[in-house]
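Participant: Please find data39.pdb (PDB, C-alpha atoms and all ligand atoms) on the next line:
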```
ATOM      1  CA  MET A   1      -0.444  -5.535  21.438  1.00  0.00           C
ATOM      2  CA  ILE A   2      -0.870  -6.401  17.772  1.00  0.00           C
ATOM      3  CA  ILE A   3       0.262  -3.637  15.402  1.00  0.00           C
ATOM      4  CA  VAL A   4      -1.122  -3.569  11.857  1.00  0.00           C
ATOM      5  CA  HIS A   5       1.175  -1.677   9.502  1.00  0.00           C
ATOM      6  CA  HIS A   6      -1.547  -0.273   7.326  1.00  0.00           C
ATOM      7  CA  LEU A   7      -1.006   1.243   3.895  1.00  0.00           C
ATOM      8  CA  ASN A   8      -3.858   3.432   2.677  1.00  0.00           C
ATOM      9  CA  ASN A   9      -6.103   1.949  -0.048  1.00  0.00           C
ATOM     10  CA  SER A  10      -4.606  -1.498   0.215  1.00  0.00           C
ATOM     11  CA  ARG A  11      -4.995  -5.149   1.085  1.00  0.00           C
ATOM     12  CA  SER A  12      -4.286  -4.439   4.729  1.00  0.00           C
ATOM     13  CA  GLN A  13      -7.895  -3.265   5.056  1.00  0.00           C
ATOM     14  CA  ARG A  14      -8.937  -6.911   5.273  1.00  0.00           C
ATOM     15  CA  VAL A  15      -6.571  -7.532   8.218  1.00  0.00           C
ATOM     16  CA  LEU A  16      -8.319  -4.750  10.150  1.00  0.00           C
ATOM     17  CA  TRP A  17     -11.628  -6.374   9.231  1.00  0.00           C
ATOM     18  CA  LEU A  18     -10.457  -9.806  10.450  1.00  0.00           C
ATOM     19  CA  LEU A  19      -9.328  -8.318  13.779  1.00  0.00           C
ATOM     20  CA  GLU A  20     -12.679  -6.563  14.140  1.00  0.00           C
ATOM     21  CA  GLU A  21     -14.499  -9.855  13.469  1.00  0.00           C
ATOM     22  CA  LEU A  22     -12.335 -11.564  16.107  1.00  0.00           C
ATOM     23  CA  GLY A  23     -12.735  -8.697  18.591  1.00  0.00           C
ATOM     24  CA  VAL A  24      -8.990  -8.665  19.237  1.00  0.00           C
ATOM     25  CA  PRO A  25      -7.495  -5.286  20.261  1.00  0.00           C
ATOM     26  CA  TYR A  26      -4.911  -3.844  17.879  1.00  0.00           C
ATOM     27  CA  GLU A  27      -3.107  -0.678  16.984  1.00  0.00           C
ATOM     28  CA  VAL A  28      -3.003   0.768  13.467  1.00  0.00           C
ATOM     29  CA  LYS A  29       0.258   2.297  12.233  1.00  0.00           C
ATOM     30  CA  ARG A  30      -0.467   4.244   9.069  1.00  0.00           C
ATOM     31  CA  TYR A  31       1.666   4.548   5.958  1.00  0.00           C
ATOM     32  CA  GLU A  32       0.729   6.635   2.906  1.00  0.00           C
ATOM     33  CA  ARG A  33       1.348   5.634  -0.691  1.00  0.00           C
ATOM     34  CA  ASP A  34       3.489   7.938  -2.825  1.00  0.00           C
ATOM     35  CA  ALA A  35       0.955  10.032  -4.762  1.00  0.00           C
ATOM     36  CA  LYS A  36       2.811   9.527  -8.071  1.00  0.00           C
ATOM     37  CA  THR A  37       4.163   5.991  -7.965  1.00  0.00           C
ATOM     38  CA  MET A  38       1.539   4.618  -5.567  1.00  0.00           C
ATOM     39  CA  LEU A  39       4.360   2.669  -3.888  1.00  0.00           C
ATOM     40  CA  ALA A  40       4.638   2.268  -0.128  1.00  0.00           C
ATOM     41  CA  PRO A  41       7.005   4.616   1.762  1.00  0.00           C
ATOM     42  CA  ALA A  42      10.532   3.432   2.651  1.00  0.00           C
ATOM     43  CA  ALA A  43       9.519   3.367   6.334  1.00  0.00           C
ATOM     44  CA  LEU A  44       7.736   0.052   5.727  1.00  0.00           C
ATOM     45  CA  ARG A  45      11.091  -1.520   4.812  1.00  0.00           C
ATOM     46  CA  ALA A  46      12.240  -0.914   8.346  1.00  0.00           C
ATOM     47  CA  VAL A  47       9.528  -3.357   9.424  1.00  0.00           C
ATOM     48  CA  HIS A  48      10.101  -5.995   6.700  1.00  0.00           C
ATOM     49  CA  PRO A  49      12.671  -6.006   3.853  1.00  0.00           C
ATOM     50  CA  LEU A  50      10.013  -6.033   1.108  1.00  0.00           C
ATOM     51  CA  GLY A  51       8.154  -3.069   2.597  1.00  0.00           C
ATOM     52  CA  LYS A  52       4.740  -4.299   1.411  1.00  0.00           C
ATOM     53  CA  SER A  53       1.505  -4.030   3.325  1.00  0.00           C
ATOM     54  CA  PRO A  54      -0.070  -5.697   5.199  1.00  0.00           C
ATOM     55  CA  LEU A  55       2.480  -6.400   7.888  1.00  0.00           C
ATOM     56  CA  VAL A  56       1.567  -7.380  11.411  1.00  0.00           C
ATOM     57  CA  SER A  57       3.826  -7.174  14.452  1.00  0.00           C
ATOM     58  CA  ASP A  58       2.865  -9.246  17.457  1.00  0.00           C
ATOM     59  CA  GLY A  59       5.497  -9.166  20.184  1.00  0.00           C
ATOM     60  CA  ASP A  60       8.770 -10.152  18.515  1.00  0.00           C
ATOM     61  CA  ALA A  61       7.069 -11.674  15.474  1.00  0.00           C
ATOM     62  CA  VAL A  62       6.665  -9.786  12.212  1.00  0.00           C
ATOM     63  CA  ILE A  63       4.269 -11.506   9.833  1.00  0.00           C
ATOM     64  CA  ALA A  64       4.049 -10.647   6.128  1.00  0.00           C
ATOM     65  CA  GLU A  65       1.761 -11.936   3.329  1.00  0.00           C
ATOM     66  CA  SER A  66      -1.922 -11.483   3.932  1.00  0.00           C
ATOM     67  CA  GLY A  67      -2.693 -15.226   3.668  1.00  0.00           C
ATOM     68  CA  ALA A  68      -0.045 -16.016   6.288  1.00  0.00           C
ATOM     69  CA  ILE A  69      -1.315 -13.158   8.474  1.00  0.00           C
ATOM     70  CA  VAL A  70      -4.905 -14.403   8.289  1.00  0.00           C
ATOM     71  CA  ASP A  71      -3.768 -17.947   9.104  1.00  0.00           C
ATOM     72  CA  TYR A  72      -1.644 -16.689  12.025  1.00  0.00           C
ATOM     73  CA  LEU A  73      -4.388 -14.520  13.548  1.00  0.00           C
ATOM     74  CA  VAL A  74      -7.106 -17.169  13.212  1.00  0.00           C
ATOM     75  CA  THR A  75      -4.849 -19.893  14.647  1.00  0.00           C
ATOM     76  CA  ARG A  76      -3.559 -17.736  17.514  1.00  0.00           C
ATOM     77  CA  TYR A  77      -6.678 -15.747  18.430  1.00  0.00           C
ATOM     78  CA  GLY A  78      -9.608 -17.462  16.717  1.00  0.00           C
ATOM     79  CA  GLU A  79     -10.461 -19.983  19.448  1.00  0.00           C
ATOM     80  CA  GLY A  80     -12.141 -22.085  16.786  1.00  0.00           C
ATOM     81  CA  ARG A  81     -13.910 -19.150  15.135  1.00  0.00           C
ATOM     82  CA  LEU A  82     -13.743 -18.189  11.450  1.00  0.00           C
ATOM     83  CA  ALA A  83     -12.193 -21.474  10.264  1.00  0.00           C
ATOM     84  CA  PRO A  84     -13.898 -24.815   9.632  1.00  0.00           C
ATOM     85  CA  PRO A  85     -12.793 -27.668  11.905  1.00  0.00           C
ATOM     86  CA  PRO A  86      -9.547 -29.403  10.815  1.00  0.00           C
ATOM     87  CA  GLY A  87     -10.012 -32.566   8.806  1.00  0.00           C
ATOM     88  CA  THR A  88     -13.308 -31.504   7.225  1.00  0.00           C
ATOM     89  CA  PRO A  89     -13.896 -30.913   3.484  1.00  0.00           C
ATOM     90  CA  GLU A  90     -14.730 -27.297   4.380  1.00  0.00           C
ATOM     91  CA  ARG A  91     -11.291 -26.892   5.965  1.00  0.00           C
ATOM     92  CA  LEU A  92      -9.664 -27.995   2.727  1.00  0.00           C
ATOM     93  CA  ARG A  93     -11.733 -25.452   0.790  1.00  0.00           C
ATOM     94  CA  TYR A  94     -10.842 -22.813   3.389  1.00  0.00           C
ATOM     95  CA  THR A  95      -7.104 -23.459   2.944  1.00  0.00           C
ATOM     96  CA  TYR A  96      -7.521 -23.431  -0.826  1.00  0.00           C
ATOM     97  CA  TRP A  97      -9.201 -19.994  -0.905  1.00  0.00           C
ATOM     98  CA  LEU A  98      -6.666 -18.525   1.542  1.00  0.00           C
ATOM     99  CA  HIS A  99      -3.976 -19.336  -1.043  1.00  0.00           C
ATOM    100  CA  TYR A 100      -6.018 -18.831  -4.214  1.00  0.00           C
ATOM    101  CA  ALA A 101      -6.798 -15.172  -3.410  1.00  0.00           C
ATOM    102  CA  GLU A 102      -3.192 -13.997  -3.754  1.00  0.00           C
ATOM    103  CA  GLY A 103      -1.698 -16.902  -5.714  1.00  0.00           C
ATOM    104  CA  SER A 104      -4.235 -17.117  -8.555  1.00  0.00           C
ATOM    105  CA  ALA A 105      -6.877 -14.368  -8.428  1.00  0.00           C
ATOM    106  CA  MET A 106      -4.646 -11.323  -7.940  1.00  0.00           C
ATOM    107  CA  PRO A 107      -1.991 -11.797 -10.697  1.00  0.00           C
ATOM    108  CA  PRO A 108      -4.333 -11.145 -13.664  1.00  0.00           C
ATOM    109  CA  LEU A 109      -5.921  -8.225 -11.776  1.00  0.00           C
ATOM    110  CA  LEU A 110      -2.479  -6.710 -11.246  1.00  0.00           C
ATOM    111  CA  MET A 111      -1.621  -7.267 -14.918  1.00  0.00           C
ATOM    112  CA  LYS A 112      -4.810  -5.462 -15.853  1.00  0.00           C
ATOM    113  CA  LEU A 113      -3.819  -2.472 -13.716  1.00  0.00           C
ATOM    114  CA  ILE A 114      -0.362  -2.350 -15.311  1.00  0.00           C
ATOM    115  CA  PHE A 115      -1.515  -2.775 -18.929  1.00  0.00           C
ATOM    116  CA  ASP A 116      -4.381  -0.291 -18.490  1.00  0.00           C
ATOM    117  CA  ARG A 117      -1.945   2.309 -17.180  1.00  0.00           C
ATOM    118  CA  MET A 118       0.955   1.587 -19.500  1.00  0.00           C
ATOM    119  CA  PRO A 119      -0.269   3.549 -22.575  1.00  0.00           C
ATOM    120  CA  LYS A 120      -1.103   6.559 -20.365  1.00  0.00           C
ATOM    121  CA  GLY A 121       2.410   6.822 -18.871  1.00  0.00           C
ATOM    122  CA  PRO A 122       5.091   9.316 -19.901  1.00  0.00           C
ATOM    123  CA  MET A 123       6.793   8.347 -23.205  1.00  0.00           C
ATOM    124  CA  PRO A 124       7.818   9.914 -26.540  1.00  0.00           C
ATOM    125  CA  ALA A 125       4.676  10.661 -28.592  1.00  0.00           C
ATOM    126  CA  LEU A 126       5.816   8.364 -31.413  1.00  0.00           C
ATOM    127  CA  MET A 127       5.897   5.390 -29.104  1.00  0.00           C
ATOM    128  CA  ARG A 128       2.409   5.828 -27.680  1.00  0.00           C
ATOM    129  CA  PRO A 129       0.443   4.105 -30.485  1.00  0.00           C
ATOM    130  CA  ILE A 130       2.860   1.167 -30.407  1.00  0.00           C
ATOM    131  CA  VAL A 131       2.645   0.824 -26.641  1.00  0.00           C
ATOM    132  CA  ARG A 132      -1.138   1.085 -26.870  1.00  0.00           C
ATOM    133  CA  ARG A 133      -1.194  -1.783 -29.404  1.00  0.00           C
ATOM    134  CA  ILE A 134       1.019  -3.958 -27.219  1.00  0.00           C
ATOM    135  CA  ALA A 135      -1.140  -3.282 -24.165  1.00  0.00           C
ATOM    136  CA  GLU A 136      -4.302  -4.092 -26.129  1.00  0.00           C
ATOM    137  CA  ARG A 137      -2.743  -7.339 -27.377  1.00  0.00           C
ATOM    138  CA  VAL A 138      -1.797  -8.483 -23.888  1.00  0.00           C
ATOM    139  CA  ARG A 139      -5.170  -7.501 -22.469  1.00  0.00           C
ATOM    140  CA  GLY A 140      -7.214  -9.103 -25.233  1.00  0.00           C
ATOM    141  CA  GLY A 141      -5.046 -12.181 -25.670  1.00  0.00           C
ATOM    142  CA  PHE A 142      -4.396 -13.020 -22.042  1.00  0.00           C
ATOM    143  CA  VAL A 143      -5.565 -10.727 -19.269  1.00  0.00           C
ATOM    144  CA  ASP A 144      -9.262 -10.305 -20.107  1.00  0.00           C
ATOM    145  CA  PRO A 145      -9.880 -14.022 -20.855  1.00  0.00           C
ATOM    146  CA  GLN A 146      -8.116 -14.931 -17.598  1.00  0.00           C
ATOM    147  CA  LEU A 147     -10.220 -12.462 -15.620  1.00  0.00           C
ATOM    148  CA  LYS A 148     -13.374 -13.935 -17.128  1.00  0.00           C
ATOM    149  CA  LEU A 149     -12.217 -17.470 -16.371  1.00  0.00           C
ATOM    150  CA  HIS A 150     -11.609 -16.602 -12.718  1.00  0.00           C
ATOM    151  CA  LEU A 151     -14.845 -14.659 -12.280  1.00  0.00           C
ATOM    152  CA  ASP A 152     -16.900 -17.469 -13.856  1.00  0.00           C
ATOM    153  CA  TYR A 153     -15.183 -19.934 -11.552  1.00  0.00           C
ATOM    154  CA  GLN A 154     -15.746 -17.857  -8.406  1.00  0.00           C
ATOM    155  CA  GLU A 155     -19.374 -17.298  -9.373  1.00  0.00           C
ATOM    156  CA  ALA A 156     -19.890 -21.057  -9.821  1.00  0.00           C
ATOM    157  CA  GLU A 157     -18.215 -21.778  -6.472  1.00  0.00           C
ATOM    158  CA  LEU A 158     -20.556 -19.382  -4.688  1.00  0.00           C
ATOM    159  CA  GLY A 159     -23.369 -21.356  -6.303  1.00  0.00           C
ATOM    160  CA  ARG A 160     -22.202 -24.412  -4.334  1.00  0.00           C
ATOM    161  CA  SER A 161     -22.457 -22.688  -0.955  1.00  0.00           C
ATOM    162  CA  GLN A 162     -23.199 -19.241   0.373  1.00  0.00           C
ATOM    163  CA  TRP A 163     -19.598 -18.584   1.432  1.00  0.00           C
ATOM    164  CA  PHE A 164     -16.353 -19.615  -0.209  1.00  0.00           C
ATOM    165  CA  ALA A 165     -15.501 -22.455   2.198  1.00  0.00           C
ATOM    166  CA  GLY A 166     -19.051 -23.652   2.855  1.00  0.00           C
ATOM    167  CA  ASP A 167     -22.257 -22.527   4.528  1.00  0.00           C
ATOM    168  CA  ASP A 168     -20.490 -20.554   7.257  1.00  0.00           C
ATOM    169  CA  PHE A 169     -18.655 -17.255   6.961  1.00  0.00           C
ATOM    170  CA  THR A 170     -14.911 -17.797   7.497  1.00  0.00           C
ATOM    171  CA  ALA A 171     -11.652 -15.900   7.245  1.00  0.00           C
ATOM    172  CA  ALA A 172     -11.358 -17.271   3.682  1.00  0.00           C
ATOM    173  CA  ASP A 173     -14.188 -14.869   2.776  1.00  0.00           C
ATOM    174  CA  ILE A 174     -12.179 -12.024   4.281  1.00  0.00           C
ATOM    175  CA  GLN A 175      -9.126 -13.079   2.281  1.00  0.00           C
ATOM    176  CA  MET A 176     -11.225 -13.387  -0.903  1.00  0.00           C
ATOM    177  CA  SER A 177     -12.861 -10.006  -0.350  1.00  0.00           C
ATOM    178  CA  PHE A 178      -9.899  -8.160  -1.845  1.00  0.00           C
ATOM    179  CA  PRO A 179      -9.809  -9.872  -5.272  1.00  0.00           C
ATOM    180  CA  VAL A 180     -13.600  -9.652  -5.451  1.00  0.00           C
ATOM    181  CA  GLU A 181     -13.562  -5.939  -4.566  1.00  0.00           C
ATOM    182  CA  VAL A 182     -10.745  -5.288  -7.042  1.00  0.00           C
ATOM    183  CA  SER A 183     -12.694  -7.213  -9.693  1.00  0.00           C
ATOM    184  CA  ALA A 184     -15.670  -4.937  -9.069  1.00  0.00           C
ATOM    185  CA  ALA A 185     -13.456  -1.839  -9.309  1.00  0.00           C
ATOM    186  CA  ARG A 186     -11.457  -2.751 -12.410  1.00  0.00           C
ATOM    187  CA  GLY A 187     -11.854  -6.421 -13.354  1.00  0.00           C
ATOM    188  CA  GLY A 188     -15.243  -6.477 -15.050  1.00  0.00           C
ATOM    189  CA  LEU A 189     -17.321  -7.763 -12.140  1.00  0.00           C
ATOM    190  CA  ASP A 190     -20.851  -6.367 -12.038  1.00  0.00           C
ATOM    191  CA  ALA A 191     -24.359  -7.454 -11.075  1.00  0.00           C
ATOM    192  CA  THR A 192     -24.498  -9.855 -14.046  1.00  0.00           C
ATOM    193  CA  ARG A 193     -22.663 -12.256 -11.715  1.00  0.00           C
ATOM    194  CA  PRO A 194     -25.308 -12.265  -8.993  1.00  0.00           C
ATOM    195  CA  LYS A 195     -23.601 -14.605  -6.513  1.00  0.00           C
ATOM    196  CA  LEU A 196     -20.402 -12.550  -6.385  1.00  0.00           C
ATOM    197  CA  TRP A 197     -22.429  -9.341  -6.306  1.00  0.00           C
ATOM    198  CA  ALA A 198     -24.495 -10.624  -3.385  1.00  0.00           C
ATOM    199  CA  PHE A 199     -21.261 -11.699  -1.657  1.00  0.00           C
ATOM    200  CA  LEU A 200     -20.014  -8.108  -1.872  1.00  0.00           C
ATOM    201  CA  GLU A 201     -23.281  -6.745  -0.525  1.00  0.00           C
ATOM    202  CA  ARG A 202     -23.265  -9.219   2.375  1.00  0.00           C
ATOM    203  CA  ILE A 203     -19.691  -8.475   3.423  1.00  0.00           C
ATOM    204  CA  HIS A 204     -20.154  -4.706   3.163  1.00  0.00           C
ATOM    205  CA  ALA A 205     -23.162  -4.942   5.483  1.00  0.00           C
ATOM    206  CA  ARG A 206     -21.222  -6.681   8.257  1.00  0.00           C
ATOM    207  CA  PRO A 207     -20.727  -4.423  11.295  1.00  0.00           C
ATOM    208  CA  ALA A 208     -17.099  -5.547  11.674  1.00  0.00           C
ATOM    209  CA  TYR A 209     -16.404  -4.571   8.049  1.00  0.00           C
ATOM    210  CA  GLN A 210     -17.800  -1.109   8.731  1.00  0.00           C
ATOM    211  CA  ARG A 211     -15.806  -0.741  11.956  1.00  0.00           C
ATOM    212  CA  ALA A 212     -12.629  -1.709  10.074  1.00  0.00           C
ATOM    213  CA  LEU A 213     -13.328   1.055   7.545  1.00  0.00           C
ATOM    214  CA  GLU A 214     -13.599   3.550  10.395  1.00  0.00           C
ATOM    215  CA  ARG A 215     -10.245   2.363  11.796  1.00  0.00           C
ATOM    216  CA  GLY A 216      -8.471   2.187   8.437  1.00  0.00           C
ATOM    217  CA  GLY A 217      -9.722   5.389   6.870  1.00  0.00           C
ATOM    218  CA  ARG A 218     -10.527   5.969   3.235  1.00  0.00           C
ATOM    219  CA  TYR A 219     -10.418   2.794   1.131  1.00  0.00           C
ATOM    220  CA  ASP A 220     -10.369   3.338  -2.621  1.00  0.00           C
ATOM    221  CA  ILE A 221      -9.206   0.498  -4.825  1.00  0.00           C
ATOM    222  CA  LEU A 222      -6.518   1.599  -7.312  1.00  0.00           C
ATOM    223  CA  ARG A 223      -7.728   1.857 -10.911  1.00  0.00           C
TER     224      ARG A 223
HETATM  225  N1  LIG A 301       0.830 -10.938  -1.763  1.00  0.00           N
HETATM  226  C1  LIG A 301       1.119  -9.856  -0.857  1.00  0.00           C
HETATM  227  C2  LIG A 301       1.021  -8.558  -1.624  1.00  0.00           C
HETATM  228  C3  LIG A 301       1.506  -7.378  -0.831  1.00  0.00           C
HETATM  229  C4  LIG A 301       1.396  -6.094  -1.658  1.00  0.00           C
HETATM  230  O1  LIG A 301       1.810  -6.025  -2.817  1.00  0.00           O
HETATM  231  N2  LIG A 301       0.827  -5.053  -1.033  1.00  0.00           N
HETATM  232  C5  LIG A 301       0.626  -3.798  -1.708  1.00  0.00           C
HETATM  233  C6  LIG A 301      -0.597  -3.113  -1.135  1.00  0.00           C
HETATM  234  S1  LIG A 301      -2.105  -3.682  -1.760  1.00  0.00           S
HETATM  235  C7  LIG A 301       1.789  -2.864  -1.457  1.00  0.00           C
HETATM  236  O2  LIG A 301       2.359  -2.873  -0.392  1.00  0.00           O
HETATM  237  N3  LIG A 301       2.057  -1.998  -2.434  1.00  0.00           N
HETATM  238  C8  LIG A 301       2.990  -0.932  -2.312  1.00  0.00           C
HETATM  239  C9  LIG A 301       4.349  -1.276  -2.834  1.00  0.00           C
HETATM  240  O3  LIG A 301       4.516  -2.300  -3.499  1.00  0.00           O
HETATM  241  O4  LIG A 301       5.272  -0.482  -2.582  1.00  0.00           O
HETATM  242  C10 LIG A 301       0.112  -9.928   0.294  1.00  0.00           C
HETATM  243  O5  LIG A 301      -0.978 -10.465   0.112  1.00  0.00           O
HETATM  244  O6  LIG A 301       0.428  -9.477   1.408  1.00  0.00           O
END
```
Once you've parsed the file, please lay out its structure as structure tokens.
Ligand SMILES: N[C@@H](CCC(=O)N[C@@H](CS)C(=O)NCC(=O)O)C(=O)O
Facilitator:
Amino acid sequence: MIIVHHLNNSRSQRVLWLLEELGVPYEVKRYERDAKTMLAPAALRAVHPLGKSPLVSDGDAVIAESGAIVDYLVTRYGEGRLAPPPGTPERLRYTYWLHYAEGSAMPPLLMKLIFDRMPKGPMPALMRPIVRRIAERVRGGFVDPQLKLHLDYQEAELGRSQWFAGDDFTAADIQMSFPVEVSAARGGLDATRPKLWAFLERIHARPAYQRALERGGRYDILR
């Protein structure tokens, strides 16, 4: 039996969604973020030394990194579904988006979270205006332009085809759902980018997405 080590309000939601799309049975083991630090509990480190979610156990194998998990599940249980055939241009795009989601799209979104929160954290009152200035500098000089660059790029790519890897829905769309959802929550994505907005509406309407929400419980993106 596959076990998904699921942290609340996290990337592991998309692993539940992938398993629902594939119709593969699985068990959910829940872990709750610390209410103050938002970090995962130490119990996750018993599963994998980094203690990050998602983690999937399948027999003796423990798989970490959502891109690697998606690749593993589609290869092992997909029976040709949710990935374009090997050797096609769509397959190359599919592989690209599987990596791009965590390797390129998420870092500026994480920086935004950190620099938005930084001036609100505990610190001596005298330091707060200085910290606020630094955070504004980093956001304005790097983070916000990077977020715009990525959103413009993703919007243009969805102008080439309905889904990220081509005309068919694939697991690359599941992997990309997290950066797109985070962008909508805190990265400046709104309906002025109609292709990305329609992408969100389409994925949210999928029955497997809804079933995954029922299995995973409340899913609020951190702000
Ligand atoms: N690139 C990794 C990121 C894993 C990651 O940072 N997961 C977050 C959840 S969204 C986490 O476990 N955060 C809690 C912590 O760092 O303690 C992946 O895609 O699996």
Participant: Compile the contact shell of Arg117 (chain A) as number ranges by chain: residues with an atom at most 10 Å away, counting only C-alpha atoms, same-chain residues fewer than 4 positions apart removed.
Facilitator: A: 111-113, 121, 132, 135, 223
Participant: I need the residue nearest ligand LIG 301 (chain A) from this list: A:Pro89, A:Pro119, A:Gly216, A:Pro41. Use only C-alpha atoms and all ligand atoms for the distance.
Facilitator: A:Pro41
Participant: Write out as a list in words each polymer residue whose atoms come within 8 Å of region 164-173 of chain A, counting only C-alpha atoms; drop sequence neighbours fewer than 6 positions from it.
Facilitator: Leu18, Val70, Val74, Arg81, Leu82, Ala83, Pro84, Glu90, Arg91, Arg93, Tyr94, Thr95, Trp97, Leu98, Glu157 and Leu158 of chain A
Participant: As a list of chain:residue names, please: the residues near Gln210 (chain A) (cut-off 12 Å, only C-alpha atoms, same-chain neighbours under 4 positions excluded).
Facilitator: A:Gln13, A:Arg14, A:Leu16, A:Trp17, A:Leu18, A:Glu20, A:Glu21, A:Arg202, A:Ile203, A:His204, A:Ala205, A:Arg206, A:Glu214, A:Arg215, A:Gly216, A:Gly217, A:Arg218, A:Tyr219
Participant: Around ligand LIG 301 (chain A), at most 10 Å away and counting only C-alpha atoms and all ligand atoms, which residues are there? Put them as a VMD selection string, please.
Facilitator: chain A and resid 6 to 13 15 31 to 34 37 to 42 44 to 45 50 to 55 63 to 70 98 to 99 101 to 103 106 to 107 110 175 178 221 to 222
Participant: Can you measure CA of Lys195 (chain A) to CA of Tyr100 (chain A) for me? One decimal in Å is fine.
Facilitator: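 Rounded to one decimal, the two atoms are 18.2 Å apart.
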Participant: What separation in Å, quoted to one decimal, exists between CA of Trp197 (chain A) and CA of Glu136 (chain A)?
Facilitator: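 Computing the Euclidean distance for CA of Trp197 (chain A) and CA of Glu136 (chain A) yields 27.4 Å.
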Participant: Enclose all atoms of region 118-137 of chain A listed in the file in an axis-aligned box, grow every side by 5 Å, and hand back centre and edge lengths in Å to one decimal, as JSON.
Facilitator:
```
{"center_x": 1.8, "center_y": 1.7, "center_z": -25.1, "size_x": 22.1, "size_y": 28.0, "size_z": 22.5}
```
Participant: One decimal, in Å: what's the spacing between CA of Val28 (chain A) and CA of His5 (chain A)?
Facilitator: 6.3 Å
Participant: Tell me which residues the PyMOL selection byres (((chain A and resi 148-150) around 12) and not hetatm) grabs here, as a PyMOL selection string.
Facilitator: chain A and resi 100-101+104-109+139-140+142-147+151-157+179-180+183+187-190+193+196
Participant: Evaluate the PyMOL selection byres (((chain A and resi 131) around 12) and not hetatm) against this structure - the residues, as a list of chain:residue names, please.
Facilitator: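 In the shown coordinates, the PyMOL selection byres (((chain A and resi 131) around 12) and not hetatm) covers A:Phe115, A:Asp116, A:Arg117, A:Met118, A:Pro119, A:Lys120, A:Gly121, A:Pro122, A:Met123, A:Pro124, A:Ala125, A:Leu126, A:Met127, A:Arg128, A:Pro129, A:Ile130, A:Arg132, A:Arg133, A:Ile134, A:Ala135, A:Glu136, A:Arg137, A:Val138.
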Participant: For the structure shown, which residues end up in the PyMOL selection byres (((chain A and resi 61) around 12) and not hetatm)? Put them as a ChimeraX atom specification, please?
Facilitator: /A:1-3,47-48,55-60,62-64,69,72-73
